[in-house]
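**Student:** I'd like to ask some things about the structure below.
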Amino acid sequence: MASIADQSVAELGGRSSVLVRQKRDHVELDGLLQELSAAPAHEQGPILLRIYRLVFPHAFAEEAVLWPVIRRLLPDGHALTLQVELEHQQINALVTELEALPAGSPAHRHTLDRVVRLLKEDVRDEEDKLLPRLQAVLSPAKLRLLGLAWDLVRAIAPTRAHPIVSRRPPGNILAALPLALLDRLRDSLDARIGQSAGSVGPVARRLSLALRRSSHAVERLPGMKRGEDPATRVRGSGSKTSRTRYLVGGVGLAAALIFVRSRAGTGSLRRA
């Protein structure tokens with residue numbers, strides 16, 4: 001079976017085919033990884049943010065839309081998808097660890113190298129093994145329909161690492177709405193932190209940290225682990241009290257952020 005990397009748009013089912021959409025994201029990721037490797041440590045933050053906003057919605061849409069189809073249609077679909085889910089789980093865990101490390105430190109560089117290596121392995125496994133098997137059992141018309149569903153889910157998916165949430169429905173579907181909201185608020189803040197001056201930068205960083213803590217609290221809510229394979233399960237940590245405090249505090253800060261942005265006018269928190 002030919003890798004989808006070596007096939008034309010027509011061979012993959014047309015421009016709206018899920019295979020073409022997947023390949024397009026993989027090409028974009030390769031460009032971002034090259035940009036990341038050429039950037040000094042103090043300039044990698046915005047590039048990493050762009051990588052996260054590409055990779056995590058892409059993977060979420062795979063887990064919610066594509067992998068259930070593969071498990072249903074292929075006799076070895078469970079084993080095939082589990083291998084990729086384990087890669088996704090490792091990437092989520094490593095990125096969560098990476099975000100807590102000082103940029104430019106030896107630990108940060110080592111963890112980032114592992115993330116990049118796993119991202120490249122994940123692309124190869126999908127393009128060379130998993131997606132050609134899907135191509136073999138679906139018509140071009142069905143690939144195009146699947147592409148539409150995949151793209152719709154990707155557009156509303158979480159954009160950050162969430163290692164606690166199930167990699168399979170229904171847990172990941174239940175988590176999608178609250179996590180996507182928190183993640184996109186955090187994305188908006190983080191994109192502005194480097195542009196902020198005076199006291200706004202520290203305030204934005206505290207808000208971003210509160211949103212990160214709140215999203216990790218959401219991961220531990222009842223139902224978020226439903227449907228997952230035991231191989232990808234991560235035991236949550238922290239007391240119920242601290243989880244509730246982070247969740248309530250984070251949601252309050254998110255509401256405050258929305259208010260600040262609505263009143264900021266031409267202030268430094270508005271998009272340039």
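Residues are named by chain letter and number: chains run A, B, ... in the order of the structure tokens, numbers start at 1 in each chain, and ligands are numbered from 1 in the order shown.
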Just want the 8 Å neighbourhood of stretch 139-143 of chain A, counted on only C-alpha atoms, with same-chain residues fewer than 2 positions away dropped. Output as a tab-separated table (two decimals) with C-alpha atoms, in the first residue's frame.

**Tutor:**
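Written output follows (selection.tsv):
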chain	number	residue	atom	x	y	z
A	12	LEU	CA	-6.43	10.46	-2.38
A	13	GLY	CA	-10.05	11.14	-3.34
A	14	GLY	CA	-10.10	14.83	-4.21
A	17	SER	CA	-11.05	13.99	1.06
A	18	VAL	CA	-10.04	13.39	4.65
A	19	LEU	CA	-6.73	12.00	3.35
A	135	GLN	CA	-8.20	4.33	1.90
A	137	VAL	CA	-11.87	0.15	2.41
A	145	LEU	CA	-17.84	12.86	3.57
A	146	LEU	CA	-15.45	11.78	6.30
A	147	GLY	CA	-13.27	14.78	5.46

**Student:** Would you pick out the contacts of stretch 172-187 of chain A at 9 Å or less, using only C-alpha atoms, so that residues sharing its chain but fewer than 4 positions from it are not included, and give the list as a PyMOL selection string?

**Tutor:** chain A and resi 49+53+60+63-64+156-160+162+165-168+191-192+207-209+211-212+214-216+218-219+221+223-228+250-251+254+257-258

**Student:** If you keep N, CA, C and O atoms, can you produce a file of those selected residues as a compact mmCIF listing (two decimals), in the first residue's frame?

**Tutor:**
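After the write, out_22.txt holds the following:
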# COMPACT_ATOMS: atom_id res chain seq x y z
N LEU A 49 3.16 27.64 20.05
CA LEU A 49 1.73 27.90 20.13
C LEU A 49 1.05 27.56 18.80
O LEU A 49 -0.03 26.95 18.78
N ARG A 53 -1.81 24.61 18.18
CA ARG A 53 -3.11 24.91 17.58
C ARG A 53 -3.36 24.11 16.30
O ARG A 53 -4.49 24.00 15.85
N PHE A 60 -7.39 15.41 17.93
CA PHE A 60 -8.71 15.22 18.53
C PHE A 60 -9.71 14.77 17.48
O PHE A 60 -10.52 13.86 17.73
N GLU A 63 -9.22 11.13 16.67
CA GLU A 63 -9.70 10.23 17.71
C GLU A 63 -11.23 10.19 17.79
O GLU A 63 -11.81 9.16 18.13
N ALA A 64 -11.87 11.31 17.45
CA ALA A 64 -13.32 11.38 17.55
C ALA A 64 -14.03 10.89 16.29
O ALA A 64 -15.14 10.36 16.37
N ILE A 156 -13.73 22.93 16.20
CA ILE A 156 -14.24 23.24 17.55
C ILE A 156 -13.52 22.42 18.62
O ILE A 156 -13.97 22.35 19.76
N ALA A 157 -12.39 21.83 18.28
CA ALA A 157 -11.67 20.93 19.19
C ALA A 157 -10.75 21.71 20.13
O ALA A 157 -10.34 22.83 19.83
N PRO A 158 -10.38 21.10 21.26
CA PRO A 158 -9.37 21.70 22.14
C PRO A 158 -8.04 21.91 21.40
O PRO A 158 -7.72 21.17 20.48
N THR A 159 -7.30 22.91 21.83
CA THR A 159 -6.05 23.28 21.15
C THR A 159 -4.81 23.08 22.00
O THR A 159 -3.72 23.51 21.61
N ARG A 160 -4.97 22.44 23.16
CA ARG A 160 -3.83 22.24 24.06
C ARG A 160 -3.74 20.78 24.48
O ARG A 160 -4.64 19.98 24.24
N HIS A 162 -3.97 17.58 26.72
CA HIS A 162 -4.85 17.11 27.80
C HIS A 162 -4.64 15.62 28.00
O HIS A 162 -5.38 14.79 27.45
N VAL A 165 -7.73 13.20 29.75
CA VAL A 165 -8.98 12.90 29.05
C VAL A 165 -8.83 11.64 28.20
O VAL A 165 -7.76 11.36 27.64
N SER A 166 -9.92 10.89 28.07
CA SER A 166 -9.92 9.69 27.22
C SER A 166 -9.54 10.04 25.79
O SER A 166 -9.89 11.09 25.27
N ARG A 167 -8.83 9.13 25.14
CA ARG A 167 -8.49 9.29 23.74
C ARG A 167 -9.61 8.76 22.84
O ARG A 167 -9.46 8.74 21.62
N ARG A 168 -10.72 8.33 23.45
CA ARG A 168 -11.82 7.74 22.68
C ARG A 168 -13.15 8.32 23.13
O ARG A 168 -13.28 8.79 24.26
N ALA A 191 -0.88 34.57 22.97
CA ALA A 191 -0.47 35.24 21.74
C ALA A 191 -0.18 36.72 21.98
O ALA A 191 0.55 37.35 21.21
N ARG A 192 -0.72 37.27 23.06
CA ARG A 192 -0.54 38.69 23.35
C ARG A 192 0.53 38.98 24.39
O ARG A 192 0.95 40.12 24.53
N LEU A 207 -3.30 35.02 34.40
CA LEU A 207 -4.55 34.53 33.83
C LEU A 207 -4.33 33.26 33.02
O LEU A 207 -5.11 32.31 33.11
N SER A 208 -3.25 33.23 32.24
CA SER A 208 -2.96 32.05 31.43
C SER A 208 -2.71 30.83 32.31
O SER A 208 -3.19 29.73 32.03
N LEU A 209 -1.96 31.03 33.40
CA LEU A 209 -1.69 29.94 34.33
C LEU A 209 -2.98 29.44 34.98
O LEU A 209 -3.19 28.23 35.12
N LEU A 211 -5.97 29.57 33.70
CA LEU A 211 -6.71 28.83 32.68
C LEU A 211 -6.12 27.44 32.47
O LEU A 211 -6.86 26.47 32.26
N ARG A 212 -4.80 27.33 32.51
CA ARG A 212 -4.16 26.01 32.38
C ARG A 212 -4.57 25.10 33.54
O ARG A 212 -4.93 23.93 33.33
N SER A 214 -7.23 25.38 35.37
CA SER A 214 -8.65 25.09 35.25
C SER A 214 -8.90 23.99 34.22
O SER A 214 -9.72 23.09 34.44
N SER A 215 -8.19 24.03 33.09
CA SER A 215 -8.40 23.01 32.06
C SER A 215 -7.98 21.64 32.57
O SER A 215 -8.63 20.63 32.27
N HIS A 216 -6.90 21.58 33.35
CA HIS A 216 -6.48 20.29 33.90
C HIS A 216 -7.46 19.80 34.96
O HIS A 216 -7.60 18.59 35.16
N VAL A 218 -10.72 20.33 34.68
CA VAL A 218 -11.82 19.82 33.84
C VAL A 218 -11.52 18.38 33.41
O VAL A 218 -12.41 17.53 33.37
N GLU A 219 -10.26 18.11 33.09
CA GLU A 219 -9.87 16.76 32.66
C GLU A 219 -10.26 15.71 33.69
O GLU A 219 -10.49 14.54 33.33
N LEU A 221 -12.85 15.76 35.76
CA LEU A 221 -14.27 15.69 36.10
C LEU A 221 -14.85 14.32 35.73
O LEU A 221 -14.32 13.64 34.84
N GLY A 223 -16.67 11.36 34.01
CA GLY A 223 -17.05 11.10 32.62
C GLY A 223 -15.98 11.33 31.59
O GLY A 223 -16.07 10.82 30.47
N MET A 224 -14.93 12.07 31.95
CA MET A 224 -13.91 12.41 30.96
C MET A 224 -13.02 11.22 30.56
O MET A 224 -12.32 11.28 29.56
N LYS A 225 -13.05 10.15 31.36
CA LYS A 225 -12.25 8.97 31.04
C LYS A 225 -13.07 7.86 30.37
O LYS A 225 -12.53 6.80 30.06
N ARG A 226 -14.35 8.13 30.16
CA ARG A 226 -15.22 7.09 29.62
C ARG A 226 -14.80 6.67 28.21
O ARG A 226 -14.50 7.50 27.36
N GLY A 227 -14.77 5.36 28.00
CA GLY A 227 -14.50 4.83 26.67
C GLY A 227 -13.05 4.56 26.36
O GLY A 227 -12.73 3.91 25.36
N GLU A 228 -12.12 5.04 27.20
CA GLU A 228 -10.71 4.91 26.85
C GLU A 228 -10.20 3.48 27.05
O GLU A 228 -10.73 2.70 27.84
N GLY A 250 -10.52 29.30 37.84
CA GLY A 250 -10.19 29.47 36.43
C GLY A 250 -11.36 29.98 35.62
O GLY A 250 -11.21 30.85 34.77
N VAL A 251 -12.56 29.45 35.89
CA VAL A 251 -13.74 29.92 35.17
C VAL A 251 -14.02 31.38 35.50
O VAL A 251 -14.36 32.19 34.62
N ALA A 254 -11.56 33.41 33.60
CA ALA A 254 -11.92 33.44 32.18
C ALA A 254 -13.01 34.46 31.93
O ALA A 254 -12.97 35.22 30.95
N LEU A 257 -11.53 37.81 32.03
CA LEU A 257 -10.78 38.09 30.80
C LEU A 257 -11.71 38.56 29.69
O LEU A 257 -11.40 39.51 28.97
N ILE A 258 -12.85 37.88 29.55
CA ILE A 258 -13.81 38.28 28.52
C ILE A 258 -14.26 39.72 28.77
O ILE A 258 -14.36 40.54 27.84

**Student:** Compile the contact shell of A:Lys129 as a count of residues only: residues with an atom at most 9 Å away, counting only C-alpha atoms, same-chain residues fewer than 5 positions apart removed.

**Tutor:** 4

**Student:** I need the residues in stretch 41-271 of chain A that are helix (DSSP H, G or I) according to DSSP; give them as a ChimeraX atom specification.

**Tutor:** /A:41-73,77-99,106-137,140-155,171-193,200-219,230-232,240-263

**Student:** How many Å lie between atom CA of A:Ala107 and atom CA of A:Lys120, rounded to one decimal?

**Tutor:**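 These atoms are spaced 20.3 Å apart.
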
**Student:** Atom CA of A:Ala100 and atom CA of A:Glu28 are how many Å apart?

**Tutor:**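 Going from atom CA of A:Ala100 over to atom CA of A:Glu28, I get 26.1 Å.
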
**Student:** As an exercise, work out the distance from atom CA of A:Val115 to atom CA of A:Val234 in Å and give it to one decimal place.

**Tutor:**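 Pair atom CA of A:Val115 / atom CA of A:Val234 returns 18.2 Å.
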
**Student:** Would you list the contacts of A:Trp67 as a PyMOL selection string, taking every protein, DNA or RNA residue within 8 Å and counting only C-alpha atoms, but skipping same-chain residues closer than 4 positions in sequence?

**Tutor:** chain A and resi 62-63+71+77+81

**Student:** Could those selected residues go to a file with N, CA and C atoms, as a PDB file, in the first residue's frame?

**Tutor:**
ATOM      1  N   GLU A  62      -9.092  13.181  14.729  1.00  0.00           N
ATOM      2  CA  GLU A  62      -8.775  11.790  14.383  1.00  0.00           C
ATOM      3  C   GLU A  62      -9.413  10.834  15.377  1.00  0.00           C
ATOM      4  N   GLU A  63      -9.222  11.131  16.666  1.00  0.00           N
ATOM      5  CA  GLU A  63      -9.704  10.227  17.706  1.00  0.00           C
ATOM      6  C   GLU A  63     -11.230  10.190  17.789  1.00  0.00           C
ATOM      7  N   ARG A  71     -11.757   1.217  13.545  1.00  0.00           N
ATOM      8  CA  ARG A  71     -12.037   0.088  14.442  1.00  0.00           C
ATOM      9  C   ARG A  71     -13.260  -0.687  13.980  1.00  0.00           C
ATOM     10  N   GLY A  77      -8.352  -3.148  13.514  1.00  0.00           N
ATOM     11  CA  GLY A  77      -8.474  -1.711  13.721  1.00  0.00           C
ATOM     12  C   GLY A  77      -8.148  -1.265  15.128  1.00  0.00           C
ATOM     13  N   THR A  81      -5.235   1.566  15.755  1.00  0.00           N
ATOM     14  CA  THR A  81      -5.519   2.873  16.339  1.00  0.00           C
ATOM     15  C   THR A  81      -4.894   3.025  17.713  1.00  0.00           C
TER      16      THR A  81
END

**Student:** Which residues are near A:Ala61? Cut-off 9 Å, only C-alpha atoms, ignore same chain within fewer than 3 positions. Put them as a short mmCIF file (atom, residue, chain, number, x, y, z; two decimals) with all heavy atoms, in the first residue's frame.

**Tutor:**
data_model
loop_
_atom_site.label_atom_id
_atom_site.label_comp_id
_atom_site.auth_asym_id
_atom_site.auth_seq_id
_atom_site.Cartn_x
_atom_site.Cartn_y
_atom_site.Cartn_z
N PHE A 56 -3.10 19.57 18.14
CA PHE A 56 -4.08 19.01 19.08
C PHE A 56 -5.50 18.95 18.50
O PHE A 56 -6.18 17.93 18.70
CB PHE A 56 -4.01 19.73 20.42
CG PHE A 56 -2.72 19.44 21.16
CD1 PHE A 56 -1.81 20.44 21.45
CD2 PHE A 56 -2.40 18.14 21.52
CE1 PHE A 56 -0.62 20.16 22.10
CE2 PHE A 56 -1.21 17.84 22.18
CZ PHE A 56 -0.31 18.86 22.46
N PRO A 57 -5.99 19.97 17.79
CA PRO A 57 -7.29 19.79 17.13
C PRO A 57 -7.26 18.69 16.07
O PRO A 57 -8.22 17.94 15.90
CB PRO A 57 -7.56 21.16 16.49
CG PRO A 57 -6.76 22.12 17.29
CD PRO A 57 -5.51 21.37 17.67
N HIS A 58 -6.14 18.58 15.34
CA HIS A 58 -5.96 17.53 14.33
C HIS A 58 -6.09 16.15 14.98
O HIS A 58 -6.85 15.30 14.50
CB HIS A 58 -4.58 17.71 13.69
CG HIS A 58 -4.20 16.66 12.72
ND1 HIS A 58 -4.17 16.87 11.35
CD2 HIS A 58 -3.79 15.38 12.89
CE1 HIS A 58 -3.77 15.77 10.74
NE2 HIS A 58 -3.54 14.85 11.65
N ALA A 64 -11.87 11.31 17.45
CA ALA A 64 -13.32 11.38 17.55
C ALA A 64 -14.03 10.89 16.29
O ALA A 64 -15.14 10.36 16.37
CB ALA A 64 -13.75 12.82 17.85
N VAL A 65 -13.39 11.06 15.12
CA VAL A 65 -14.05 10.77 13.85
C VAL A 65 -13.43 9.59 13.10
O VAL A 65 -14.14 8.67 12.68
CB VAL A 65 -14.04 12.03 12.94
CG1 VAL A 65 -14.64 11.72 11.57
CG2 VAL A 65 -14.78 13.18 13.61
N LEU A 66 -12.11 9.61 12.93
CA LEU A 66 -11.47 8.62 12.05
C LEU A 66 -11.24 7.28 12.71
O LEU A 66 -11.54 6.23 12.13
CB LEU A 66 -10.13 9.16 11.54
CG LEU A 66 -10.18 10.39 10.64
CD1 LEU A 66 -8.79 10.64 10.05
CD2 LEU A 66 -11.20 10.22 9.53
N ALA A 149 -16.73 15.77 8.04
CA ALA A 149 -16.95 15.54 9.47
C ALA A 149 -15.69 15.83 10.27
O ALA A 149 -15.74 16.46 11.33
CB ALA A 149 -17.42 14.10 9.69
N TRP A 150 -14.56 15.37 9.76
CA TRP A 150 -13.27 15.58 10.45
C TRP A 150 -12.96 17.07 10.58
O TRP A 150 -12.55 17.55 11.62
CB TRP A 150 -12.17 14.85 9.67
CG TRP A 150 -10.80 15.01 10.24
CD1 TRP A 150 -10.23 14.29 11.23
CD2 TRP A 150 -9.81 15.96 9.83
NE1 TRP A 150 -8.95 14.73 11.47
CE2 TRP A 150 -8.68 15.75 10.62
CE3 TRP A 150 -9.78 16.96 8.85
CZ2 TRP A 150 -7.51 16.50 10.48
CZ3 TRP A 150 -8.63 17.73 8.71
CH2 TRP A 150 -7.51 17.49 9.52
N ASP A 151 -13.20 17.82 9.51
CA ASP A 151 -12.89 19.25 9.52
C ASP A 151 -13.82 20.01 10.45
O ASP A 151 -13.38 20.95 11.13
CB ASP A 151 -13.01 19.81 8.10
CG ASP A 151 -12.06 20.97 7.85
OD1 ASP A 151 -10.93 20.92 8.37
OD2 ASP A 151 -12.45 21.91 7.15
N LEU A 152 -15.08 19.63 10.52
CA LEU A 152 -16.02 20.28 11.42
C LEU A 152 -15.62 20.06 12.88
O LEU A 152 -15.66 21.00 13.70
CB LEU A 152 -17.44 19.76 11.18
CG LEU A 152 -18.11 20.21 9.89
CD1 LEU A 152 -19.43 19.47 9.68
CD2 LEU A 152 -18.35 21.72 9.88
N VAL A 153 -15.24 18.84 13.21
CA VAL A 153 -14.82 18.55 14.59
C VAL A 153 -13.52 19.27 14.91
O VAL A 153 -13.36 19.84 16.00
CB VAL A 153 -14.68 17.03 14.79
CG1 VAL A 153 -14.03 16.72 16.14
CG2 VAL A 153 -16.04 16.36 14.70
N ARG A 154 -12.60 19.28 13.99
CA ARG A 154 -11.31 19.95 14.22
C ARG A 154 -11.51 21.43 14.53
O ARG A 154 -10.79 22.01 15.35
CB ARG A 154 -10.41 19.78 13.01
CG ARG A 154 -9.01 20.35 13.20
CD ARG A 154 -8.15 20.23 11.96
NE ARG A 154 -8.68 21.01 10.86
CZ ARG A 154 -7.95 21.43 9.83
NH1 ARG A 154 -6.67 21.12 9.77
NH2 ARG A 154 -8.50 22.13 8.87
N ALA A 155 -12.48 22.06 13.88
CA ALA A 155 -12.71 23.49 14.04
C ALA A 155 -13.16 23.87 15.45
O ALA A 155 -13.00 25.02 15.86
CB ALA A 155 -13.74 23.97 13.02
N ALA A 157 -12.39 21.83 18.28
CA ALA A 157 -11.67 20.93 19.19
C ALA A 157 -10.75 21.71 20.13
O ALA A 157 -10.34 22.83 19.83
CB ALA A 157 -10.86 19.92 18.38
#

**Student:** Counting only C-alpha atoms, what is within 7 Å of A:Ala161, bar same-chain residues fewer than 2 positions away, as number ranges by chain?

**Tutor:** A: 56, 92, 95-96, 163

**Student:** Skip A:Leu32 itself and residues of its chain fewer than 2 positions away, then list as a VMD selection string all residues within 10 Å of it, counting only C-alpha atoms.

**Tutor:** chain A and resid 26 to 30 34 to 38 47 to 48 50 to 51 54

**Student:** Using all heavy atoms, can you write the selected residues to a file as a CSV table (one decimal), in the first residue's frame?

**Tutor:**
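Saved to selection.csv:
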chain,number,residue,atom,x,y,z
A,26,HIS,N,-0.1,17.7,7.8
A,26,HIS,CA,1.2,17.1,8.0
A,26,HIS,C,2.3,18.0,7.4
A,26,HIS,O,3.4,18.1,7.9
A,26,HIS,CB,1.2,15.7,7.5
A,26,HIS,CG,0.4,14.7,8.3
A,26,HIS,ND1,0.1,13.5,7.9
A,26,HIS,CD2,-0.2,14.9,9.5
A,26,HIS,CE1,-0.7,12.9,8.8
A,26,HIS,NE2,-0.8,13.7,9.8
A,27,VAL,N,2.0,18.5,6.2
A,27,VAL,CA,2.9,19.3,5.5
A,27,VAL,C,3.2,20.6,6.2
A,27,VAL,O,4.3,21.1,6.4
A,27,VAL,CB,2.5,19.6,4.0
A,27,VAL,CG1,3.3,20.7,3.4
A,27,VAL,CG2,2.5,18.3,3.2
A,28,GLU,N,2.1,21.2,6.7
A,28,GLU,CA,2.2,22.4,7.5
A,28,GLU,C,3.0,22.2,8.8
A,28,GLU,O,3.8,23.0,9.2
A,28,GLU,CB,0.8,22.9,7.9
A,28,GLU,CG,0.8,24.2,8.7
A,28,GLU,CD,-0.5,24.8,9.0
A,28,GLU,OE1,-1.6,24.2,8.5
A,28,GLU,OE2,-0.6,25.8,9.8
A,29,LEU,N,2.8,21.0,9.5
A,29,LEU,CA,3.5,20.7,10.7
A,29,LEU,C,5.0,20.6,10.4
A,29,LEU,O,5.8,21.1,11.1
A,29,LEU,CB,3.0,19.4,11.3
A,29,LEU,CG,3.8,18.8,12.5
A,29,LEU,CD1,3.8,19.8,13.6
A,29,LEU,CD2,3.2,17.5,12.9
A,30,ASP,N,5.3,19.9,9.2
A,30,ASP,CA,6.7,19.8,8.9
A,30,ASP,C,7.4,21.2,8.7
A,30,ASP,O,8.5,21.4,9.2
A,30,ASP,CB,6.9,19.0,7.6
A,30,ASP,CG,8.3,18.8,7.2
A,30,ASP,OD1,9.0,18.0,7.9
A,30,ASP,OD2,8.8,19.3,6.2
A,34,GLN,N,10.5,22.7,11.1
A,34,GLN,CA,11.7,23.3,10.6
A,34,GLN,C,11.9,24.7,11.1
A,34,GLN,O,13.1,25.1,11.5
A,34,GLN,CB,11.6,23.3,9.1
A,34,GLN,CG,11.7,21.9,8.4
A,34,GLN,CD,11.7,21.9,6.9
A,34,GLN,OE1,12.3,22.8,6.3
A,34,GLN,NE2,11.0,21.0,6.3
A,35,GLU,N,10.9,25.5,11.2
A,35,GLU,CA,10.9,26.8,11.7
A,35,GLU,C,11.4,26.8,13.2
A,35,GLU,O,12.2,27.6,13.6
A,35,GLU,CB,9.6,27.5,11.6
A,35,GLU,CG,9.6,29.0,11.9
A,35,GLU,CD,8.2,29.6,11.6
A,35,GLU,OE1,7.4,29.0,10.9
A,35,GLU,OE2,8.0,30.7,12.2
A,36,LEU,N,10.8,25.9,13.9
A,36,LEU,CA,11.1,25.7,15.4
A,36,LEU,C,12.6,25.4,15.6
A,36,LEU,O,13.3,26.0,16.4
A,36,LEU,CB,10.3,24.6,16.0
A,36,LEU,CG,10.5,24.4,17.5
A,36,LEU,CD1,9.9,25.6,18.3
A,36,LEU,CD2,9.8,23.1,17.9
A,37,SER,N,13.1,24.5,14.8
A,37,SER,CA,14.5,24.1,14.9
A,37,SER,C,15.5,25.2,14.6
A,37,SER,O,16.6,25.2,15.1
A,37,SER,CB,14.8,22.8,14.0
A,37,SER,OG,14.8,23.2,12.7
A,38,ALA,N,15.1,26.1,13.7
A,38,ALA,CA,16.0,27.2,13.3
A,38,ALA,C,15.9,28.4,14.3
A,38,ALA,O,16.7,29.3,14.2
A,38,ALA,CB,15.7,27.7,11.9
A,47,ILE,N,6.0,29.9,18.1
A,47,ILE,CA,6.0,28.8,17.1
A,47,ILE,C,5.4,27.6,17.7
A,47,ILE,O,4.6,26.9,17.1
A,47,ILE,CB,7.4,28.5,16.6
A,47,ILE,CG1,8.1,29.8,16.0
A,47,ILE,CG2,7.4,27.4,15.5
A,47,ILE,CD1,9.6,29.6,15.7
A,48,LEU,N,5.7,27.3,19.0
A,48,LEU,CA,5.1,26.2,19.7
A,48,LEU,C,3.6,26.4,19.8
A,48,LEU,O,2.8,25.4,19.7
A,48,LEU,CB,5.7,26.1,21.1
A,48,LEU,CG,7.1,25.4,21.2
A,48,LEU,CD1,7.7,25.5,22.6
A,48,LEU,CD2,7.0,23.9,20.8
A,50,ARG,N,1.7,27.9,17.7
A,50,ARG,CA,1.1,27.6,16.4
A,50,ARG,C,1.1,26.0,16.2
A,50,ARG,O,0.1,25.5,15.6
A,50,ARG,CB,1.9,28.3,15.3
A,50,ARG,CG,1.7,29.8,15.2
A,50,ARG,CD,2.8,30.5,14.5
A,50,ARG,NE,3.0,30.0,13.1
A,50,ARG,CZ,4.1,30.3,12.4
A,50,ARG,NH1,5.1,30.9,13.0
A,50,ARG,NH2,4.1,29.8,11.2
A,51,ILE,N,2.1,25.4,16.6
A,51,ILE,CA,2.2,23.9,16.5
A,51,ILE,C,1.0,23.3,17.3
A,51,ILE,O,0.3,22.4,16.9
A,51,ILE,CB,3.5,23.4,17.0
A,51,ILE,CG1,4.6,23.7,15.9
A,51,ILE,CG2,3.5,21.9,17.2
A,51,ILE,CD1,6.0,23.4,16.4
A,54,LEU,N,-2.3,23.6,15.8
A,54,LEU,CA,-2.4,22.7,14.6
A,54,LEU,C,-2.6,21.2,15.0
A,54,LEU,O,-3.5,20.5,14.6
A,54,LEU,CB,-1.2,22.8,13.7
A,54,LEU,CG,-1.1,21.8,12.5
A,54,LEU,CD1,-2.2,22.1,11.5
A,54,LEU,CD2,0.3,21.9,11.9

**Student:** Counting only C-alpha atoms, figure out which residue out of A:Asp113, A:Arg233, A:Ala41, A:Ser188 gets nearest to A:Arg220.

**Tutor:** A:Arg233
